[in-house]
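What follows is a short report on a single structure.
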Amino acid sequence: TLTAEEVATRLQSVLVPAEQGFVFRPVKREALDASRGTTPFAGLFIGFSFFIIAAAVMLVGLLFQLGIEQRSHQVGVMLAVGLDRKLVGRFLSREGLIVALVGGLLGIGIGIGYAWLMIAGLNSPDWWGQAIATPFLTLHLDNPLTFAMGLFFGVFIAWLTIVWCVRGMRKQPIRNLMSGQTRESEALGGSTRRGFPIAECLAGCLLLASIGLFVLATTQSGEAQAGAFFGGGAAVLSALLLFIWARLRRGGSSSAIATGGWPLLRLALRNARRNPGRSTLTIGLVAAATFLIVAISAFRIDPDQRGAGGFDVLAESTQPIVFDLNVASDREELRITGDAEATLAESEVIALRVKGGDDASCLNLYQSQRPRILGVSRNMVEYLGRDDQPDFAWAQTGATTDEERANPWLLLDNQYDDTPDAIPVVIDKNTAMYSLHQYGGVGSTFTTTDDDGREIEFRIVGLLANSILQGSLLIGEERFTSLYPSLSGYQMFLVKQGSAGTVAGTAETVTALEASLSEYGVDAVIASDRLRDFLAVQNTYLSTFQSLGALGLLLGTFGLATVQLRSVLERRGELALMRSTGFRRARLAQMVMLENVVLLLGGLLTGCMAAVLAVVPHFFSGGAAIPWEDLIIYLGIVLLVGILSGLAAVIATLRAPLLGALRGN
């Protein structure tokens with residue numbers, strides 16, 4: 001007799017599951033792998049948040065420095081009575097640390113609220129719900145390490161900024177502190193040292209490095225491209241701010257007496273030079289927010305005809321159709337009559353074979369395990385190669401001959417000596433990078449496993465740019481039939497209307513296809529609508545990133561108003577003296593407003609220049625466009641909000657009592 005184990009062993013040696021049509025799949029492991037998602041958006045948010053963190057650091061330094069300057073007399077007295085400078089510095093640093101800790105704890109609550117608002121927007125069909133297929137996102141607060149890390153790094157960065165501000169205060173002579181002279185500026189019209197321009201040289205090096213990073217970003221993909229973009233943006237912003245700071249410091253040597261027009265504007269420019277560090281930080285606050293708004297806006301993409309390959313309708317069926325919809329006799333076999341027959345008779349229909357699989361488009365939040373495969377027919381290759389037919393937009397191809405450059409779809413018929421077993425495939429660029437994580441581009445290979453457990457190797461020969469074929473692998477029809485001989489017929493159809501086609505006619509074509517081929521489960525959509533749905537995902541995520549720019553704008557506006565108000569309070573005696581010598585209050589208010597506008601425009605121009613340098617390489621490669629109307633609206637709002645923030649300083653100027661200000665009270 002045989003034991004149970006021996007029976008099992010013999011049966012396993014005789015009965016091969018694959019030969020009986022059985023395929024065993026680790027369902028749980030596949031589900032866990034798919035749940036990891038396609039794109040690590042946390043890294044992108046951290047990258048974009050870098051500019052907001054930089055703006056917050058500048059604001060912390062600015063506010064703390066203003067607070068120390070306001071208490072300079074107190075610090076001078078403490079030093080005058082014999083307290084050690086290091087002791088006073090530790091006292092001020094710990095005081096700031098307490099404030100930063102309280103702010104960090106408040107920030108955790110505000111951050112939770114911000115995350116909840118973002119998720120609510122993604123779950124709302126009226127807001128950002130188009131970016132996900134199903135509104136099931138929830139807020140998870142079960143990882144205390146996240147809050148601890150956020151609190152630690154936030155407080156630590158703020159504390160380092162405070163220590164830097166205190167270090168500058170400790171270097172001031174006691175006499176200056178007692179008299180309230182703590183600013184880095186020199187008297188207007190005074191001399192400045194013109195040694196070796198270290199700041200300008202450093203700015204030039206950073207600018208060259210940023211240009212190199214921006215160019216590198218166009219040759220990279222995925223996280224490497226994002227890292228190059230963020231690094232280049234930070235470098236160019238730092239370079240421009242360094243150059244502005246150096247010019248403000250060296251601008252004080254110009255003559256205090258000058259003739260010509262625009263006297264208030266020239267006076268406002270000189271007042272901006274009285275404290276170069278403060279003015280540069282203020283410009284940097286606005287510039288960081290402007291950079292985010294302008295750069296992200298440039299990556300918004302609107303659907304165009306090339307994204308649909310010139311086709312008007314995309315239809316899919318649940319059952320294969322073996323008839324040719326371009327042939328009248330075949331349409332008769334399908335019992336297509338009436339308006340549907342008239343519509344299809346004037347249209348060109350391109351059919352594709354379909355091997356069902358996972359949706360690898362951006363509409364699927366899960367990681368695709370077995371992407372859908374489409375078989376590109378010879379009819380489609382020839383049709384898209386015609387001179388009168390607009391082909392799909394190509395991001396990259398492996399074409400080496402003039403014929404292949406004119407019609408890259410011919411690459412699907414090639415066989416390569418270095419990868420003889422690999423099947424040439426065309427993929428949408430977004431699908432390759434974000435869903436399949438294939439960053440190698442044209443010429444790279446990857447392997448998938450089909451439902452039968454077979455491993456299939458593919459070689460990328462072309463990447464489409466923002467097409468309606470996103471989410472699928474496109475291979476030649478001959479290779480498709482050799483891989484899946486049991487699959488007959490066609491299940492995807494691209495329809496090009498006749499020359500008299502209209503928007504209303506396209507809608508009629510959709511209705512006609514669905515009604516006439518209902519027994520095949522045909523679902524038809526307008527091609528431009530499908531493309532708009534795909535692009536809406538990208539544009540929606542860009543909108544979430546732009547919300548960070550709005551947060552930076554809030555920081556910049558608050559910092560600008562604080563600086564201007566502080567400047568007015570410091571110059572009460574000067575403004576009162578100007579009033580006593582004949583300057584009208586309205587004239588002084590105009591001068592203060594011009595100072596605010598000068599700093600605001602400086603921040604806007606700096607941020608725009610940095611964004612333009614960041615976007616130009618992507619613009620020439622077709623990955624970005626310049627939405628002039630949206631940018632004008634965004635920058636107009638920034639300018640308006642910044643001007644309104646300066647009204648507080650203007651009101652303080654108008655209400656300042658003349659006699660008390662002259663007496664120094």
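Residues are named by chain letter and number: chains run A, B, ... in the order of the structure tokens, numbers start at 1 in each chain, and ligands are numbered from 1 in the order shown.
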Give me, as a tab-separated table (two decimals) with N, CA and C atoms, in the first residue's frame, all polymer residues having an atom no more than 8 Å from A:Ala550, counting only C-alpha atoms and skipping those fewer than 3 positions away in the same chain.
```tsv
chain	number	residue	atom	x	y	z
A	289	ALA	N	6.52	81.64	-3.78
A	289	ALA	CA	5.13	81.35	-4.13
A	289	ALA	C	4.89	81.56	-5.62
A	293	ILE	N	3.48	78.80	-8.51
A	293	ILE	CA	2.27	79.06	-9.28
A	293	ILE	C	2.57	79.06	-10.78
A	546	GLN	N	-0.66	73.36	-6.72
A	546	GLN	CA	-0.79	74.81	-6.74
A	546	GLN	C	-1.34	75.35	-5.43
A	547	SER	N	-2.08	74.50	-4.71
A	547	SER	CA	-2.57	74.95	-3.40
A	547	SER	C	-1.40	75.25	-2.47
A	553	LEU	N	1.93	82.03	-1.04
A	553	LEU	CA	1.49	83.41	-1.27
A	553	LEU	C	0.98	84.04	0.02
A	554	LEU	N	0.27	83.23	0.82
A	554	LEU	CA	-0.20	83.74	2.10
A	554	LEU	C	0.97	84.13	3.00
```
Write out as a short mmCIF file (atom, residue, chain, number, x, y, z; two decimals) with all heavy atoms, in the first residue's frame the residues lying within 7 Å of A:Thr557, counting only C-alpha atoms and excluding same-chain residues fewer than 4 positions away.
```cif
data_model
loop_
_atom_site.label_atom_id
_atom_site.label_comp_id
_atom_site.auth_asym_id
_atom_site.auth_seq_id
_atom_site.Cartn_x
_atom_site.Cartn_y
_atom_site.Cartn_z
N LEU A 553 1.93 82.03 -1.04
CA LEU A 553 1.49 83.41 -1.27
C LEU A 553 0.98 84.04 0.02
O LEU A 553 1.22 85.22 0.29
CB LEU A 553 0.39 83.42 -2.34
CG LEU A 553 -0.27 84.77 -2.62
CD1 LEU A 553 0.75 85.78 -3.10
CD2 LEU A 553 -1.39 84.60 -3.64
N ALA A 561 3.55 92.57 4.42
CA ALA A 561 2.83 93.54 5.25
C ALA A 561 3.58 93.82 6.55
O ALA A 561 3.66 94.97 6.99
CB ALA A 561 1.42 93.01 5.55
N GLY A 642 -0.94 91.68 -2.76
CA GLY A 642 0.24 92.33 -2.20
C GLY A 642 0.04 93.82 -1.99
O GLY A 642 0.48 94.38 -0.98
N SER A 645 -2.12 94.33 0.98
CA SER A 645 -1.40 94.09 2.24
C SER A 645 -0.59 95.31 2.67
O SER A 645 -0.27 95.47 3.85
CB SER A 645 -0.48 92.88 2.09
OG SER A 645 0.59 93.16 1.21
#
```
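Closest approach to A:Arg270 from the set A:Ala56, A:Met118, A:Leu248, A:Ile296 is made by A:Leu248, with distances taken over only C-alpha atoms.
Reported to one decimal place, the separation of atom CA of A:Phe152 from atom CA of A:Gly111 is 14.3 Å.
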Taking the backbone alone, and naming residues the way the document does, which bits of stretch 315-498 of chain A are helix (DSSP H, G or I) by DSSP, as a count of residues only? 46
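Of the residues under consideration (A:Thr397, A:Asn275, A:Asn414, A:Thr280), A:Asn414 shows the shortest atom-to-atom contact distance to A:Ile475 when counting only C-alpha atoms.
Between atom CA of A:Ile52 and atom CA of A:Gly284 the separation is 10.8 Å.
Within the 9 Å cut-off around A:Glu478, using only C-alpha atoms and omitting residues fewer than 5 positions from it on the same chain, the listed residues are A:Gly375, A:Val376, A:Ser377, A:Arg378, A:Asp413, A:Leu483.
Of the residues listed (A:Gln491, A:Thr509, A:Ser361, A:Thr581), A:Thr509 shows the shortest atom-to-atom separation from A:Ala342; distances use only C-alpha atoms.
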Env of A:Asp418: 12 Å cut, atoms = only C-alpha atoms, seq-sep filter 2 positions within chain, self excluded. Answer as a PyMOL selection string. chain A and resi 415-416+420-422+443-445+459
For the residues selected in the previous step, produce a file with C-alpha atoms as an mmCIF file, in the first residue's frame.
```
data_model
loop_
_atom_site.group_PDB
_atom_site.id
_atom_site.type_symbol
_atom_site.label_atom_id
_atom_site.label_comp_id
_atom_site.auth_asym_id
_atom_site.auth_seq_id
_atom_site.Cartn_x
_atom_site.Cartn_y
_atom_site.Cartn_z
ATOM 1 C CA GLN A 415 13.107 42.401 -34.740
ATOM 2 C CA TYR A 416 16.294 43.368 -32.901
ATOM 3 C CA PRO A 420 15.568 38.654 -30.451
ATOM 4 C CA ASP A 421 12.808 37.330 -28.180
ATOM 5 C CA ALA A 422 11.443 40.741 -27.169
ATOM 6 C CA GLY A 443 15.234 50.634 -26.302
ATOM 7 C CA SER A 444 14.595 49.375 -22.781
ATOM 8 C CA THR A 445 12.950 46.016 -22.118
ATOM 9 C CA ARG A 459 11.030 46.118 -26.042
#
```
Using only C-alpha atoms, which protein or nucleic acid residues come within 10 Å of stretch 137-147 of chain A? Drop anything in the same chain fewer than 3 positions from it, and give the result as a PDB file with N, CA, C and O atoms, in the first residue's frame.
```
ATOM      1  N   GLY A 104       4.896  74.570  16.248  1.00  0.00           N
ATOM      2  CA  GLY A 104       4.915  73.230  15.677  1.00  0.00           C
ATOM      3  C   GLY A 104       3.708  72.410  16.089  1.00  0.00           C
ATOM      4  O   GLY A 104       3.129  71.679  15.281  1.00  0.00           O
ATOM      5  N   LEU A 105       3.330  72.500  17.374  1.00  0.00           N
ATOM      6  CA  LEU A 105       2.144  71.779  17.842  1.00  0.00           C
ATOM      7  C   LEU A 105       0.884  72.286  17.148  1.00  0.00           C
ATOM      8  O   LEU A 105       0.014  71.497  16.753  1.00  0.00           O
ATOM      9  N   GLY A 107       0.912  73.621  14.229  1.00  0.00           N
ATOM     10  CA  GLY A 107       1.066  73.204  12.839  1.00  0.00           C
ATOM     11  C   GLY A 107       0.591  71.787  12.589  1.00  0.00           C
ATOM     12  O   GLY A 107       0.097  71.479  11.503  1.00  0.00           O
ATOM     13  N   ILE A 108       0.747  70.897  13.583  1.00  0.00           N
ATOM     14  CA  ILE A 108       0.252  69.530  13.427  1.00  0.00           C
ATOM     15  C   ILE A 108      -1.261  69.544  13.214  1.00  0.00           C
ATOM     16  O   ILE A 108      -1.792  68.879  12.316  1.00  0.00           O
ATOM     17  N   GLY A 109      -1.951  70.318  14.032  1.00  0.00           N
ATOM     18  CA  GLY A 109      -3.406  70.419  13.876  1.00  0.00           C
ATOM     19  C   GLY A 109      -3.795  71.023  12.539  1.00  0.00           C
ATOM     20  O   GLY A 109      -4.715  70.541  11.862  1.00  0.00           O
ATOM     21  N   GLY A 111      -1.965  71.007   9.850  1.00  0.00           N
ATOM     22  CA  GLY A 111      -1.605  70.043   8.808  1.00  0.00           C
ATOM     23  C   GLY A 111      -2.653  68.952   8.651  1.00  0.00           C
ATOM     24  O   GLY A 111      -2.965  68.538   7.530  1.00  0.00           O
ATOM     25  N   ILE A 112      -3.191  68.475   9.769  1.00  0.00           N
ATOM     26  CA  ILE A 112      -4.263  67.473   9.694  1.00  0.00           C
ATOM     27  C   ILE A 112      -5.477  68.057   8.973  1.00  0.00           C
ATOM     28  O   ILE A 112      -6.099  67.406   8.128  1.00  0.00           O
ATOM     29  N   ALA A 115      -4.693  68.218   5.256  1.00  0.00           N
ATOM     30  CA  ALA A 115      -4.781  66.891   4.633  1.00  0.00           C
ATOM     31  C   ALA A 115      -6.238  66.461   4.475  1.00  0.00           C
ATOM     32  O   ALA A 115      -6.625  65.890   3.444  1.00  0.00           O
ATOM     33  N   TRP A 116      -7.044  66.740   5.495  1.00  0.00           N
ATOM     34  CA  TRP A 116      -8.467  66.385   5.401  1.00  0.00           C
ATOM     35  C   TRP A 116      -9.132  67.145   4.265  1.00  0.00           C
ATOM     36  O   TRP A 116      -9.952  66.596   3.516  1.00  0.00           O
ATOM     37  N   LEU A 117      -8.778  68.412   4.118  1.00  0.00           N
ATOM     38  CA  LEU A 117      -9.361  69.221   3.049  1.00  0.00           C
ATOM     39  C   LEU A 117      -8.944  68.689   1.674  1.00  0.00           C
ATOM     40  O   LEU A 117      -9.753  68.649   0.732  1.00  0.00           O
ATOM     41  N   MET A 118      -7.684  68.284   1.536  1.00  0.00           N
ATOM     42  CA  MET A 118      -7.212  67.733   0.273  1.00  0.00           C
ATOM     43  C   MET A 118      -7.973  66.448  -0.074  1.00  0.00           C
ATOM     44  O   MET A 118      -8.399  66.254  -1.226  1.00  0.00           O
ATOM     45  N   ILE A 119      -8.141  65.562   0.898  1.00  0.00           N
ATOM     46  CA  ILE A 119      -8.840  64.304   0.646  1.00  0.00           C
ATOM     47  C   ILE A 119     -10.307  64.561   0.342  1.00  0.00           C
ATOM     48  O   ILE A 119     -10.911  63.913  -0.531  1.00  0.00           O
ATOM     49  N   ALA A 120     -10.900  65.531   1.043  1.00  0.00           N
ATOM     50  CA  ALA A 120     -12.291  65.881   0.753  1.00  0.00           C
ATOM     51  C   ALA A 120     -12.430  66.384  -0.680  1.00  0.00           C
ATOM     52  O   ALA A 120     -13.406  66.078  -1.371  1.00  0.00           O
ATOM     53  N   LEU A 122     -10.485  65.502  -3.223  1.00  0.00           N
ATOM     54  CA  LEU A 122     -10.312  64.365  -4.127  1.00  0.00           C
ATOM     55  C   LEU A 122     -11.531  63.446  -4.121  1.00  0.00           C
ATOM     56  O   LEU A 122     -11.804  62.768  -5.115  1.00  0.00           O
ATOM     57  N   ASN A 123     -12.249  63.412  -3.022  1.00  0.00           N
ATOM     58  CA  ASN A 123     -13.449  62.580  -2.944  1.00  0.00           C
ATOM     59  C   ASN A 123     -14.686  63.273  -3.495  1.00  0.00           C
ATOM     60  O   ASN A 123     -15.705  62.622  -3.723  1.00  0.00           O
ATOM     61  N   ILE A 132      -9.638  60.530  -9.495  1.00  0.00           N
ATOM     62  CA  ILE A 132      -9.657  59.136  -9.062  1.00  0.00           C
ATOM     63  C   ILE A 132     -10.945  58.501  -9.556  1.00  0.00           C
ATOM     64  O   ILE A 132     -11.951  59.164  -9.778  1.00  0.00           O
ATOM     65  N   THR A 134     -12.772  56.121  -8.028  1.00  0.00           N
ATOM     66  CA  THR A 134     -13.756  55.852  -6.975  1.00  0.00           C
ATOM     67  C   THR A 134     -13.425  56.691  -5.749  1.00  0.00           C
ATOM     68  O   THR A 134     -12.282  56.677  -5.274  1.00  0.00           O
ATOM     69  N   GLY A 150       7.500  65.291  11.692  1.00  0.00           N
ATOM     70  CA  GLY A 150       7.125  66.624  11.235  1.00  0.00           C
ATOM     71  C   GLY A 150       7.387  67.679  12.282  1.00  0.00           C
ATOM     72  O   GLY A 150       7.910  68.768  11.984  1.00  0.00           O
ATOM     73  N   LEU A 151       7.024  67.375  13.531  1.00  0.00           N
ATOM     74  CA  LEU A 151       7.253  68.329  14.617  1.00  0.00           C
ATOM     75  C   LEU A 151       8.740  68.567  14.836  1.00  0.00           C
ATOM     76  O   LEU A 151       9.188  69.714  14.985  1.00  0.00           O
ATOM     77  N   PHE A 152       9.517  67.482  14.845  1.00  0.00           N
ATOM     78  CA  PHE A 152      10.948  67.617  15.111  1.00  0.00           C
ATOM     79  C   PHE A 152      11.641  68.455  14.042  1.00  0.00           C
ATOM     80  O   PHE A 152      12.353  69.415  14.350  1.00  0.00           O
TER      81      PHE A 152
END
```
So, counting only C-alpha atoms, which residue among A:Phe214, A:Ala203, A:Val60, A:Ile456 is closest to A:Leu240? A:Ala203
For A:Val75, find every residue with an atom within 8 Å (counting only C-alpha atoms), except residues of its own chain fewer than 3 positions away, and show them as a compact mmCIF listing (two decimals) with all heavy atoms, in the first residue's frame.
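Saved result, around-v7.txt, follows:
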```
# COMPACT_ATOMS: atom_id res chain seq x y z
N ARG A 71 13.72 94.81 20.40
CA ARG A 71 14.19 94.67 21.79
C ARG A 71 15.69 94.91 21.90
O ARG A 71 16.34 94.45 22.83
CB ARG A 71 13.85 93.27 22.29
CG ARG A 71 12.38 92.96 22.31
CD ARG A 71 12.13 91.48 22.52
NE ARG A 71 12.79 90.98 23.72
CZ ARG A 71 12.87 89.70 24.05
NH1 ARG A 71 12.36 88.79 23.23
NH2 ARG A 71 13.47 89.32 25.16
N SER A 72 16.25 95.60 20.90
CA SER A 72 17.70 95.81 20.91
C SER A 72 18.16 96.58 22.15
O SER A 72 19.23 96.30 22.70
CB SER A 72 18.11 96.55 19.64
OG SER A 72 17.47 97.82 19.57
N MET A 78 21.24 94.36 28.93
CA MET A 78 21.69 93.09 29.50
C MET A 78 23.19 92.92 29.33
O MET A 78 23.90 92.45 30.24
CB MET A 78 20.94 91.93 28.85
CG MET A 78 19.44 91.92 29.15
SD MET A 78 18.52 90.70 28.16
CE MET A 78 19.16 89.18 28.85
N LEU A 79 23.72 93.30 28.17
CA LEU A 79 25.15 93.20 27.95
C LEU A 79 25.91 94.26 28.74
O LEU A 79 27.03 94.01 29.22
CB LEU A 79 25.45 93.34 26.45
CG LEU A 79 24.89 92.24 25.53
CD1 LEU A 79 25.19 92.57 24.07
CD2 LEU A 79 25.49 90.88 25.90
N VAL A 88 23.29 85.65 26.84
CA VAL A 88 22.17 86.39 26.26
C VAL A 88 21.68 85.69 24.99
O VAL A 88 20.47 85.59 24.74
CB VAL A 88 22.59 87.85 25.95
CG1 VAL A 88 21.47 88.59 25.23
CG2 VAL A 88 22.96 88.58 27.23
N LEU A 177 23.41 98.71 20.07
CA LEU A 177 22.21 98.09 20.61
C LEU A 177 21.45 99.05 21.52
O LEU A 177 20.22 99.12 21.47
CB LEU A 177 22.58 96.82 21.38
CG LEU A 177 23.14 95.65 20.55
CD1 LEU A 177 23.63 94.54 21.46
CD2 LEU A 177 22.07 95.11 19.59
N MET A 178 22.17 99.78 22.34
CA MET A 178 21.53 100.74 23.24
C MET A 178 20.81 101.85 22.47
O MET A 178 19.77 102.35 22.91
CB MET A 178 22.57 101.35 24.18
CG MET A 178 23.20 100.36 25.13
SD MET A 178 22.07 99.82 26.43
CE MET A 178 21.93 101.33 27.39
```
What does the distance between atom CA of A:Ala395 and atom CA of A:Thr431 come to in Å, to one decimal place? 12.3 Å
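For the set A:Leu62, A:Val102, A:Leu15, A:Leu314, the residue with the smallest atom-to-atom gap to A:Thr562 is A:Leu62, counting only C-alpha atoms.
Closest approach to A:Glu341 among A:Ser516, A:Asn176, A:Thr290, A:Thr481: A:Ser516, based on only C-alpha atoms.
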How close does each residue of stretch 383-447 of chain A get to stretch 465-474 of chain A, giving the shortest atom pair and distance in Å to one decimal for every residue with an atom at most 10 Å away, counting only C-alpha atoms, sorted by chain and residue number, as a tab-separated table?
```
residue	atom	partner	partner_atom	distance
A:Phe392	CA	A:Ser467	CA	7.0
A:Ala393	CA	A:Ala465	CA	5.4
A:Trp394	CA	A:Ala465	CA	5.3
A:Ala395	CA	A:Ala465	CA	4.9
A:Gln396	CA	A:Ala465	CA	8.3
A:Trp409	CA	A:Leu474	CA	9.8
A:Leu412	CA	A:Leu474	CA	8.5
A:Pro424	CA	A:Leu474	CA	8.6
A:Val425	CA	A:Leu474	CA	5.4
A:Val426	CA	A:Leu474	CA	5.1
A:Ile427	CA	A:Leu473	CA	5.5
A:Asp428	CA	A:Gln470	CA	5.2
A:Lys429	CA	A:Ala465	CA	5.8
A:Asn430	CA	A:Asn466	CA	7.2
A:Thr431	CA	A:Gly471	CA	5.6
A:Ala432	CA	A:Gly471	CA	8.7
A:Ser435	CA	A:Gly471	CA	8.1
A:Leu436	CA	A:Gly471	CA	9.4
```
